[in-house]
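Worksheet: one structure, shown below.
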Amino acid sequence: MGDIRGLGLLLGIEFVKDKATREPFAKAENIAERIWQAAVAEGVLTYPTQGCVDGQRGDHILLAPPFTISQEESALIARALQTALEKVFPS
């Protein structure tokens with residue numbers, strides 16, 4: 001992750017190839033879309049975006065849960081994202 005930013009429950013998470021230089025992934029790697037697909041498989045929707053760096057490169061996902069979210073639902077999101085990221089970025 002290159003950065004996590006937001007306000008309240010609205011969060012944007014940026015994914016970079018190199019955290020030190022903040023070099024983005026190549027567009028062809030389709031990182032934001034792959035994370036979205038993996039999160040959907042876990043029952044959580046994200047909003048994938050690309051092109052945030054220069055109009056072509058740069059991957060982000062947006063999380064925008066409802067204001068009425070429960071602790072259990074928050075935990076579900078955290079588990080789903082962890083699983084999704086492990087699928088997209090295996091160790």
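For the structure tokens, the naming scheme is as follows: chains receive sequential letters (A, B, ...) according to their order of presentation, residues are indexed from 1 within each chain, and ligands are indexed from 1 in presentation order.
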In chain A, DSSP strand (DSSP E or B) residues written as a PyMOL selection string:
chain A and resi 3-7+10-15+18+23+47-50+59-63
Practice problem: Please identify which residues in chain A DSSP calls helix (DSSP H, G or I) from the backbone, and express them as a count of residues only. | Solution: 32
Looking at only C-alpha atoms, which of A:Cys52, A:Ala26, A:Lys19, A:Gly43 is the one that sits closest to Glu73 of chain A?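 Ranked by minimum distance to Glu73 of chain A, first place goes to A:Gly43.
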Surrounding residues of Thr49 of chain A excluding itself and chain neighbours under 6 positions, 12 Å, only C-alpha atoms, as a list in words |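 Residues near the query, excluding close chain neighbours: Gly12, Ile13, Glu14, Phe15, Lys27, Asn30, Ile31, Ala32, Glu33, Arg34, Ile35, Trp36, Gly55, Gln56, Arg57, Gly58, Asp59, His60, Ile61, Leu62 and Leu63 of chain A.
The residue set within 9 Å of Val40 of chain A, counting only C-alpha atoms and dropping same-chain residues fewer than 6 places from it, reads Thr46, Ala80 and Ala84 of chain A.
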| request: Find the residue from A:Val88, A:Ala20, A:Leu76, A:Ile4 that sits nearest to Glu42 of chain A; use only C-alpha atoms when measuring. | output: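 Residue with the minimum atom-to-atom distance to Glu42 of chain A: A:Leu76.
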What lies within 12 Å of Phe67 of chain A using only C-alpha atoms, ignoring chain neighbours under 6 positions off, as a compact mmCIF listing (two decimals) with C-alpha atoms, in the first residue's frame?
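What ended up in around_10.txt:
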# COMPACT_ATOMS: atom_id res chain seq x y z
CA GLY A 8 -14.89 9.11 8.42
CA LEU A 9 -15.98 5.86 6.82
CA LEU A 10 -15.01 6.94 3.30
CA GLU A 73 -19.90 -5.81 9.37
CA SER A 74 -16.70 -3.83 9.96
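Separating atom CA of Ala64 of chain A from atom CA of Leu7 of chain A is a distance of 10.2 Å.
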- Message: Please determine, counting only C-alpha atoms, which residue among A:Ile69, A:Ala38, A:Asp54, A:Val44 has the shortest atom-to-atom distance to Leu85 of chain A.
- Response: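 For Leu85 of chain A, the nearest of the given residues is A:Ala38.
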